[in-house]
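Below is my_file-v8.txt, which holds compact mmCIF, C-alpha atoms and all ligand atoms.
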```txt
# COMPACT_ATOMS: atom_id res chain seq x y z
CA MET V 1 40.04 3.33 1.61
CA THR V 2 36.55 4.01 0.27
CA ILE V 3 33.65 5.08 2.45
CA ALA V 4 30.06 5.08 1.20
CA SER V 5 26.86 5.79 3.08
CA ALA V 6 23.18 5.06 2.41
CA PRO V 7 20.04 6.29 4.17
CA GLY V 8 17.37 4.38 6.06
CA LYS V 9 13.71 4.87 5.25
CA VAL V 10 10.14 5.06 6.46
CA ILE V 11 7.20 3.77 4.48
CA LEU V 12 4.67 6.58 4.73
CA PHE V 13 1.75 4.77 3.09
CA GLY V 14 0.88 1.48 1.41
CA GLU V 15 3.17 -1.14 2.99
CA HIS V 16 2.01 -4.72 2.31
CA ALA V 17 -0.33 -3.50 -0.46
CA VAL V 18 2.83 -2.72 -2.47
CA VAL V 19 3.80 -6.42 -2.43
CA SER V 20 0.65 -7.01 -4.54
CA GLY V 21 1.44 -4.19 -6.97
CA VAL V 22 -0.54 -1.38 -5.27
CA ALA V 23 1.06 2.07 -4.88
CA ALA V 24 3.11 2.81 -1.75
CA LEU V 25 5.00 5.96 -0.80
CA GLY V 26 8.33 5.76 1.02
CA ALA V 27 10.84 8.39 2.11
CA ALA V 28 14.57 8.26 2.84
CA ILE V 29 15.45 9.50 6.34
CA ASP V 30 18.55 11.04 7.89
CA LEU V 31 19.74 7.92 9.71
CA ARG V 32 22.52 6.28 7.70
CA VAL V 33 24.62 3.16 7.28
CA VAL V 34 28.32 3.68 6.53
CA ALA V 35 30.40 1.01 4.74
CA LYS V 36 34.21 1.28 4.60
CA VAL V 37 36.24 -0.87 2.20
CA GLU V 38 40.01 -1.13 2.44
CA ASP V 39 42.65 -3.29 0.80
CA ALA V 40 43.59 -6.38 2.81
CA PRO V 41 45.90 -8.56 0.70
CA GLY V 42 45.17 -12.28 1.14
CA LYS V 43 42.14 -11.57 3.32
CA LEU V 44 38.38 -11.15 3.08
CA GLU V 45 37.00 -9.77 6.33
CA ILE V 46 33.68 -8.27 7.35
CA GLU V 47 33.27 -6.36 10.57
CA VAL V 48 30.08 -4.88 12.02
CA PRO V 49 31.29 -3.17 15.20
CA ASN V 50 27.95 -1.72 16.22
CA LEU V 51 24.38 -1.40 14.97
CA ASN V 52 22.89 1.38 17.05
CA LEU V 53 21.02 0.66 20.30
CA ASN V 54 24.30 -0.58 21.78
CA VAL V 55 24.06 -3.85 19.93
CA LYS V 56 27.40 -5.65 20.18
CA GLY V 57 29.31 -6.26 16.98
CA PHE V 58 30.27 -9.24 14.87
CA ALA V 59 33.27 -9.98 12.63
CA LEU V 60 33.79 -12.69 10.04
CA ASP V 61 36.71 -14.00 7.99
CA ALA V 62 34.72 -14.71 4.82
CA LEU V 63 37.64 -16.52 3.15
CA LYS V 64 38.26 -19.03 5.94
CA LYS V 65 34.59 -18.89 7.03
CA GLU V 66 35.84 -18.18 10.55
CA ILE V 67 34.12 -16.05 13.19
CA LEU V 68 36.52 -13.44 14.52
CA SER V 69 34.37 -12.10 17.41
CA THR V 70 34.14 -13.66 20.81
CA LYS V 71 30.43 -12.96 21.34
CA ILE V 72 27.80 -13.52 18.66
CA CYS V 73 25.18 -10.85 18.14
CA GLU V 74 22.32 -12.04 15.93
CA ASP V 75 21.62 -8.65 14.31
CA ALA V 76 25.26 -7.92 13.52
CA PHE V 77 25.59 -11.50 12.24
CA GLN V 78 22.62 -10.89 9.92
CA ALA V 79 24.30 -7.73 8.60
CA THR V 80 27.47 -9.69 7.74
CA LYS V 81 25.29 -12.08 5.68
CA TYR V 82 24.18 -9.22 3.44
CA VAL V 83 27.77 -8.04 3.02
CA SER V 84 29.13 -11.52 2.32
CA THR V 85 26.44 -12.04 -0.34
CA VAL V 86 27.58 -8.78 -2.00
CA LEU V 87 31.19 -9.99 -1.89
CA GLN V 88 30.31 -13.43 -3.29
CA LYS V 89 28.18 -12.01 -6.09
CA PHE V 90 31.07 -9.93 -7.41
CA ASP V 91 33.78 -12.45 -6.53
CA VAL V 92 35.55 -9.89 -4.34
CA ARG V 93 38.82 -10.82 -2.55
CA ASN V 94 41.60 -9.02 -0.68
CA VAL V 95 39.46 -6.48 1.15
CA LYS V 96 38.14 -5.70 4.60
CA VAL V 97 34.61 -4.27 4.86
CA VAL V 98 33.50 -2.44 8.01
CA VAL V 99 29.82 -1.54 8.36
CA GLU V 100 28.42 0.85 10.96
CA SER V 101 24.79 1.87 11.30
CA GLU V 102 22.66 4.51 12.98
CA ILE V 103 19.53 2.53 12.10
CA PRO V 104 18.11 0.07 14.64
CA PRO V 105 18.15 -3.40 13.05
CA SER V 106 14.93 -5.36 12.32
CA SER V 107 12.87 -2.26 13.02
CA GLY V 108 11.27 -1.48 9.65
CA LEU V 109 13.62 1.44 8.97
CA GLY V 110 15.38 -0.29 6.10
CA SER V 111 18.68 -1.16 7.79
CA SER V 112 19.32 -4.29 5.69
CA ALA V 113 18.72 -2.48 2.38
CA SER V 114 21.04 0.32 3.50
CA VAL V 115 23.74 -2.19 4.50
CA VAL V 116 23.53 -3.81 1.05
CA VAL V 117 23.47 -0.52 -0.86
CA ALA V 118 26.26 1.15 1.15
CA SER V 119 28.57 -1.87 0.95
CA LEU V 120 27.86 -2.46 -2.75
CA ALA V 121 28.49 1.22 -3.56
CA SER V 122 31.71 1.21 -1.58
CA ILE V 123 32.97 -1.95 -3.33
CA ASN V 124 31.82 -0.64 -6.72
CA PHE V 125 33.89 2.52 -6.25
CA HIS V 126 36.90 0.89 -4.58
CA LEU V 127 37.30 -1.87 -7.17
CA GLY V 128 36.06 0.12 -10.16
CA LEU V 129 33.28 -2.35 -11.00
CA GLY V 130 31.58 0.31 -13.10
CA LEU V 131 28.00 -0.28 -11.90
CA SER V 132 25.67 2.61 -12.71
CA ILE V 133 23.27 3.89 -10.04
CA ASP V 134 20.40 1.98 -11.68
CA GLU V 135 22.44 -1.22 -11.78
CA LEU V 136 23.34 -0.68 -8.15
CA ALA V 137 19.65 -0.41 -7.19
CA LYS V 138 18.78 -3.51 -9.23
CA GLU V 139 21.63 -5.63 -7.81
CA ALA V 140 20.91 -4.45 -4.26
CA TYR V 141 17.25 -5.48 -4.60
CA LYS V 142 18.24 -8.95 -5.87
CA ILE V 143 20.77 -9.41 -3.06
CA GLU V 144 18.36 -8.27 -0.32
CA LYS V 145 15.66 -10.64 -1.54
CA GLU V 146 18.14 -13.51 -1.90
CA VAL V 147 19.22 -13.18 1.74
CA GLN V 148 15.65 -12.66 3.02
CA GLN V 149 14.33 -15.51 0.87
CA GLY V 150 10.94 -13.90 0.61
CA LEU V 151 8.47 -11.85 -1.29
CA GLY V 152 9.06 -8.16 -1.31
CA SER V 153 8.98 -4.86 -3.16
CA PRO V 154 12.00 -2.78 -4.23
CA THR V 155 10.93 0.04 -1.85
CA ASP V 156 13.79 -0.20 0.67
CA THR V 157 16.64 -0.68 -1.81
CA ALA V 158 15.28 2.10 -4.10
CA LEU V 159 15.12 4.52 -1.16
CA ALA V 160 18.61 3.56 0.06
CA THR V 161 19.95 4.10 -3.48
CA TYR V 162 18.10 7.14 -4.82
CA GLY V 163 16.99 8.75 -1.54
CA GLY V 164 14.23 11.38 -1.59
CA TYR V 165 10.70 10.00 -1.96
CA GLN V 166 9.81 6.93 -3.98
CA MET V 167 6.37 5.97 -5.23
CA VAL V 168 6.49 2.22 -5.72
CA ARG V 169 4.10 0.08 -7.69
CA GLU V 170 5.95 -2.71 -9.42
CA LYS V 171 8.83 -0.33 -10.01
CA ALA V 172 10.09 2.56 -7.93
CA GLU V 173 9.70 6.11 -9.25
CA SER V 174 11.34 9.19 -7.70
CA ILE V 175 8.92 11.95 -6.71
CA GLU V 176 9.89 15.54 -5.85
CA LEU V 177 8.33 16.48 -2.52
CA PRO V 178 9.34 18.84 0.30
CA GLU V 179 10.88 17.43 3.48
CA LEU V 180 8.83 16.52 6.54
CA LYS V 181 9.86 16.40 10.19
CA LEU V 182 8.56 13.14 11.61
CA ILE V 183 8.86 11.30 14.88
CA VAL V 184 9.78 7.64 14.70
CA GLY V 185 8.90 5.51 17.72
CA TYR V 186 10.70 2.19 18.12
CA THR V 187 8.88 -0.45 20.16
CA GLY V 188 12.12 -2.30 20.93
CA VAL V 189 10.45 -5.44 19.57
CA PRO V 190 12.35 -6.71 16.51
CA HIS V 191 10.18 -7.87 13.65
CA ASN V 192 10.47 -10.39 10.86
CA THR V 193 9.42 -8.84 7.55
CA ARG V 194 9.22 -12.18 5.73
CA LEU V 195 6.79 -13.67 8.28
CA GLU V 196 4.54 -10.59 8.29
CA VAL V 197 4.47 -10.48 4.48
CA GLU V 198 3.62 -14.20 4.31
CA LYS V 199 0.86 -13.74 6.86
CA VAL V 200 -0.79 -10.93 4.90
CA GLN V 201 -0.37 -12.69 1.55
CA ASN V 202 -1.94 -15.89 2.98
CA PHE V 203 -4.84 -13.80 4.28
CA ARG V 204 -5.24 -12.33 0.79
CA GLU V 205 -5.22 -15.76 -0.79
CA SER V 206 -7.91 -17.07 1.55
CA CYS V 207 -10.07 -13.88 1.58
CA PRO V 208 -9.37 -11.79 -1.54
CA GLN V 209 -12.81 -10.16 -1.30
CA ILE V 210 -11.75 -8.65 2.06
CA VAL V 211 -8.07 -7.96 1.49
CA ASP V 212 -8.16 -6.55 -2.06
CA PRO V 213 -10.46 -3.62 -1.14
CA ILE V 214 -8.16 -2.87 1.83
CA PHE V 215 -5.16 -2.81 -0.53
CA GLN V 216 -7.06 -0.58 -2.98
CA ALA V 217 -7.90 1.87 -0.17
CA MET V 218 -4.23 1.97 0.77
CA GLY V 219 -3.33 2.76 -2.83
CA GLU V 220 -5.82 5.66 -2.80
CA ILE V 221 -4.29 6.92 0.44
CA SER V 222 -0.78 6.81 -1.08
CA ARG V 223 -1.93 8.81 -4.10
CA SER V 224 -3.89 11.37 -2.02
CA SER V 225 -0.94 11.91 0.29
CA LEU V 226 1.19 13.47 -2.47
CA ASN V 227 -0.81 16.68 -2.58
CA CYS V 228 -0.92 16.91 1.22
CA ILE V 229 2.88 16.69 1.43
CA ARG V 230 3.36 19.08 -1.48
CA GLU V 231 1.08 21.66 0.14
CA GLN V 232 2.12 20.80 3.72
CA LYS V 233 -1.47 20.05 4.76
CA LEU V 234 -0.40 18.29 7.92
CA ASN V 235 -3.84 17.74 9.44
CA LYS V 236 -5.08 16.02 6.30
CA LEU V 237 -1.83 14.02 6.07
CA GLY V 238 -2.35 12.95 9.68
CA GLU V 239 -5.86 11.78 8.87
CA LEU V 240 -4.50 9.66 6.03
CA MET V 241 -1.90 8.17 8.38
CA ASN V 242 -4.59 7.25 10.91
CA ALA V 243 -6.69 5.63 8.19
CA ASN V 244 -3.70 3.68 6.89
CA HIS V 245 -2.92 2.48 10.41
CA GLY V 246 -6.47 1.18 10.79
CA LEU V 247 -6.17 -0.74 7.52
CA LEU V 248 -2.87 -2.29 8.61
CA GLU V 249 -4.55 -3.35 11.86
CA ALA V 250 -7.29 -4.97 9.75
CA LEU V 251 -4.59 -6.95 7.94
CA GLY V 252 -3.37 -8.28 11.30
CA VAL V 253 0.10 -6.74 11.47
CA GLY V 254 -0.56 -4.41 14.42
CA THR V 255 0.71 -5.19 17.92
CA LYS V 256 -0.10 -3.94 21.40
CA GLU V 257 3.27 -2.17 21.62
CA LEU V 258 2.83 -0.42 18.27
CA SER V 259 -0.71 0.68 19.13
CA GLU V 260 0.42 1.98 22.51
CA LEU V 261 2.97 4.25 20.83
CA VAL V 262 0.52 5.27 18.08
CA TYR V 263 -2.24 6.23 20.55
CA ALA V 264 0.15 7.88 23.01
CA SER V 265 1.52 10.12 20.24
CA ARG V 266 -1.96 11.01 18.97
CA GLY V 267 -3.23 11.63 22.53
CA ALA V 268 -0.77 13.15 25.01
CA GLY V 269 1.68 13.76 22.18
CA ASN V 270 -0.82 15.88 20.24
CA ALA V 271 0.45 14.43 16.94
CA ARG V 272 -1.50 15.20 13.76
CA GLY V 273 -1.54 11.50 12.93
CA ALA V 274 0.38 8.28 13.48
CA LYS V 275 0.71 4.81 12.03
CA LEU V 276 2.93 1.78 12.16
CA THR V 277 5.60 1.79 9.44
CA GLY V 278 7.05 -1.18 7.57
CA ALA V 279 5.95 -4.76 7.95
CA GLY V 280 4.52 -4.48 11.50
CA GLY V 281 4.55 -7.26 14.09
CA GLY V 282 6.97 -5.05 16.05
CA GLY V 283 9.45 -2.47 14.81
CA CYS V 284 8.49 1.17 14.46
CA MET V 285 5.64 3.64 14.15
CA VAL V 286 5.78 7.12 12.72
CA ALA V 287 3.94 10.28 13.78
CA ILE V 288 3.51 13.80 12.39
CA PRO V 289 4.15 16.17 15.29
CA SER V 290 1.90 19.13 15.84
CA PRO V 291 3.39 22.28 14.23
CA GLU V 292 3.15 24.16 17.58
CA TYR V 293 6.48 25.22 19.13
CA ASP V 294 6.55 22.25 21.53
CA GLY V 295 4.99 19.75 19.11
CA VAL V 296 8.14 17.69 18.59
CA ILE V 297 8.98 17.47 22.30
CA LYS V 298 5.40 16.53 23.19
CA ALA V 299 5.23 13.76 20.60
CA MET V 300 8.66 12.37 21.55
CA THR V 301 7.92 12.50 25.27
CA SER V 302 4.62 10.67 24.82
CA ILE V 303 6.38 7.86 22.93
CA VAL V 304 9.07 7.50 25.59
CA GLN V 305 6.45 7.52 28.36
CA ALA V 306 4.60 4.74 26.52
CA GLY V 307 7.79 2.61 26.60
CA GLY V 308 9.31 3.36 23.18
CA LYS V 309 12.47 5.00 21.89
CA ALA V 310 11.84 8.21 19.95
CA PHE V 311 13.85 9.70 17.06
CA LEU V 312 13.24 12.96 15.23
CA VAL V 313 13.87 12.34 11.54
CA THR V 314 13.79 14.42 8.37
CA THR V 315 12.43 12.81 5.21
CA GLY V 316 13.56 13.13 1.61
CA CYS V 317 17.30 12.86 2.33
CA GLU V 318 20.08 12.16 -0.12
CA GLY V 319 20.54 8.60 -1.38
CA VAL V 320 23.74 6.58 -1.49
CA LYS V 321 26.93 8.62 -1.75
CA ILE V 322 30.67 8.17 -1.68
CA GLU V 323 31.89 10.02 1.39
CA HIS V 324 35.61 9.50 0.89
O1 LIG V 401 11.21 -4.21 5.82
P1 LIG V 401 10.06 -3.47 6.41
O2 LIG V 401 9.70 -3.91 7.74
O3 LIG V 401 10.21 -2.01 6.27
O4 LIG V 401 8.74 -3.86 5.53
C1 LIG V 401 8.69 -3.66 4.20
C2 LIG V 401 7.32 -3.32 3.77
C3 LIG V 401 6.49 -4.41 3.13
O5 LIG V 401 5.60 -3.73 2.24
C4 LIG V 401 5.67 -5.10 4.20
C5 LIG V 401 7.29 -5.44 2.36
C6 LIG V 401 7.95 -4.91 1.10
O6 LIG V 401 8.92 -5.54 0.68
O7 LIG V 401 7.50 -3.91 0.53
```

Go ahead and express the file in the form of structure tokens.
Amino acid sequence: MTIASAPGKVILFGEHAVVSGVAALGAAIDLRVVAKVEDAPGKLEIEVPNLNLNVKGFALDALKKEILSTKICEDAFQATKYVSTVLQKFDVRNVKVVVESEIPPSSGLGSSASVVVASLASINFHLGLGLSIDELAKEAYKIEKEVQQGLGSPTDTALATYGGYQMVREKAESIELPELKLIVGYTGVPHNTRLEVEKVQNFRESCPQIVDPIFQAMGEISRSSLNCIREQKLNKLGELMNANHGLLEALGVGTKELSELVYASRGAGNARGAKLTGAGGGGCMVAIPSPEYDGVIKAMTSIVQAGGKAFLVTTGCEGVKIEH
């Protein structure tokens, strides 16, 4: 049996702008997807027993195209689509793949990229396909986009593969930065990345004179943030987060639920700054807690009191790895 794991991610700055080639900064986080591959002669099965947040699982016989679970869960079903595309692409047979995740699905924390990267890495090792880490990142990006059928940057798959921090323009580039402790607040509202990306890109097409300067400002924010993280200037970093949130609101991807968590964390939560993360339209926000002794608790409590789920995450974690 082979077990591989890959991290989830947060986009710290520049989401949406990155789809148009402007710089974005993302970080791998310490929530992971685990993919187990074992020999199963004559079979080809995919099982997703749980996906965090008590989501019920889903299992598929990919050879007979038969559903093996009694109840269908949409998110777990989606995850099996990513795995079955990996299996098809490399003409894999005679295995069972089991995927488990700590990352809430459809939340902007990169669960689908991590599912693709972890299952591809596990299959690569188990069957000796000989893919290098760069080939793995490239294939994972192609597979994720094929399933999502949309526009998109390589941010999520690069972070799931290489971990750490990635500065993405057209290509992803690893950047050495120290870790940050961040609070992620999940609205509980799933989002659809493709729809949000289409919405913003349509807005850009109809009003480039408005949207392009917003994208450029986001690019400047991404670049300025590097020094703040390097030197741990958390107040300044928080200011940049607040500015980036405002720009995302201007693009139309904010929601009432996201704003409630953002403002609760900045207010009662005493966070240094907060913004939505990922495509918006639901999903998650991220906040920098105050460095005071009770900063983390205060920020997390404020998010829960505003109706969200709060996670403490560490950024800059290790990328894909073979666990066993
Ligand atoms: O998949 P999400 O929700 O983390 O959003 C990805 C961020 C976008 O910039 C909106 C799209 C992309 O592919 O970069």

Show me a table, sorted first by chain and then by increasing residue number, of the residues of chain V having an atom at most 8 Å from ligand LIG 401 (chain V), each with its shortest atom pair and the distance in Å to one decimal, counting only C-alpha atoms and all ligand atoms and written as a tab-separated table.
```
residue	atom	partner	partner_atom	distance
V:Lys9	CA	V:LIG401	O3	7.8
V:Val10	CA	V:LIG401	O3	7.1
V:Ile11	CA	V:LIG401	O3	6.8
V:Gly14	CA	V:LIG401	O5	7.1
V:Glu15	CA	V:LIG401	O5	3.6
V:His16	CA	V:LIG401	O5	3.7
V:Ala17	CA	V:LIG401	O5	6.5
V:Val18	CA	V:LIG401	O5	5.6
V:Val19	CA	V:LIG401	O7	5.4
V:Ser106	CA	V:LIG401	O2	7.1
V:Ser107	CA	V:LIG401	O2	6.4
V:Gly108	CA	V:LIG401	O2	3.5
V:Leu109	CA	V:LIG401	O3	5.6
V:Gly110	CA	V:LIG401	O3	5.5
V:Leu151	CA	V:LIG401	O6	6.6
V:Gly152	CA	V:LIG401	O6	3.3
V:Ser153	CA	V:LIG401	O6	3.9
V:Pro154	CA	V:LIG401	O6	6.4
V:Thr155	CA	V:LIG401	O7	5.7
V:Asp156	CA	V:LIG401	O3	6.9
V:His191	CA	V:LIG401	O2	7.1
V:Asn192	CA	V:LIG401	O2	7.2
V:Thr193	CA	V:LIG401	O2	4.9
V:Arg194	CA	V:LIG401	C5	7.8
V:Glu196	CA	V:LIG401	C4	6.9
V:Val197	CA	V:LIG401	C4	5.5
V:Thr277	CA	V:LIG401	O3	6.8
V:Gly278	CA	V:LIG401	O3	3.5
V:Ala279	CA	V:LIG401	C4	3.8
V:Gly280	CA	V:LIG401	O2	6.4
V:Gly283	CA	V:LIG401	O2	7.2
```

Would you compute the distance between atom CA of Ser122 of chain V and atom CA of Ile103 of chain V? Give it in Å to one decimal.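 Going from atom CA of Ser122 of chain V over to atom CA of Ile103 of chain V covers 18.4 Å.
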
Polymer residues at most 8 Å from Leu240 of chain V, only C-alpha atoms, same-chain spacing of 2 or more positions, as a ChimeraX atom specification: /V:221,225,236-238,242-244,273

Tell me which protein, DNA and RNA residues are within 9 Å of segment 200-204 of chain V, counting all atoms listed in the file, leaving out same-chain ones fewer than 3 positions away, and put them as number ranges by chain. V: 16, 19-20, 195-197, 207-212, 251-253

Would you please work out which residue, of V:Ala35, V:Ser259, V:Gln78, V:Asn270, is nearest to Tyr293 of chain V when using all atoms listed in the file?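 Counting all atoms listed in the file, the residue closest to Tyr293 of chain V is V:Asn270.
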
Distance criterion (only C-alpha atoms): nearest to Leu258 of chain V out of V:Gln305, V:Gln149, V:Thr187, V:Thr314: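 Once distances to Leu258 of chain V are computed over only C-alpha atoms, the minimum belongs to V:Thr187.
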
Nearest to Thr315 of chain V: which of V:Ser224, V:Gln166, V:Thr157, V:Asn235 is it, counting all atoms listed in the file?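 Of the candidates, the smallest distance to Thr315 of chain V is held by V:Gln166.
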
Interatomic distance between atom CA of Glu239 of chain V and atom CA of Arg223 of chain V? 13.9 Å

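Nearest to Thr80 of chain V of all the residues V:Glu220, V:Glu45, V:Glu135, V:Glu323 is V:Glu45, based on all atoms listed in the file.
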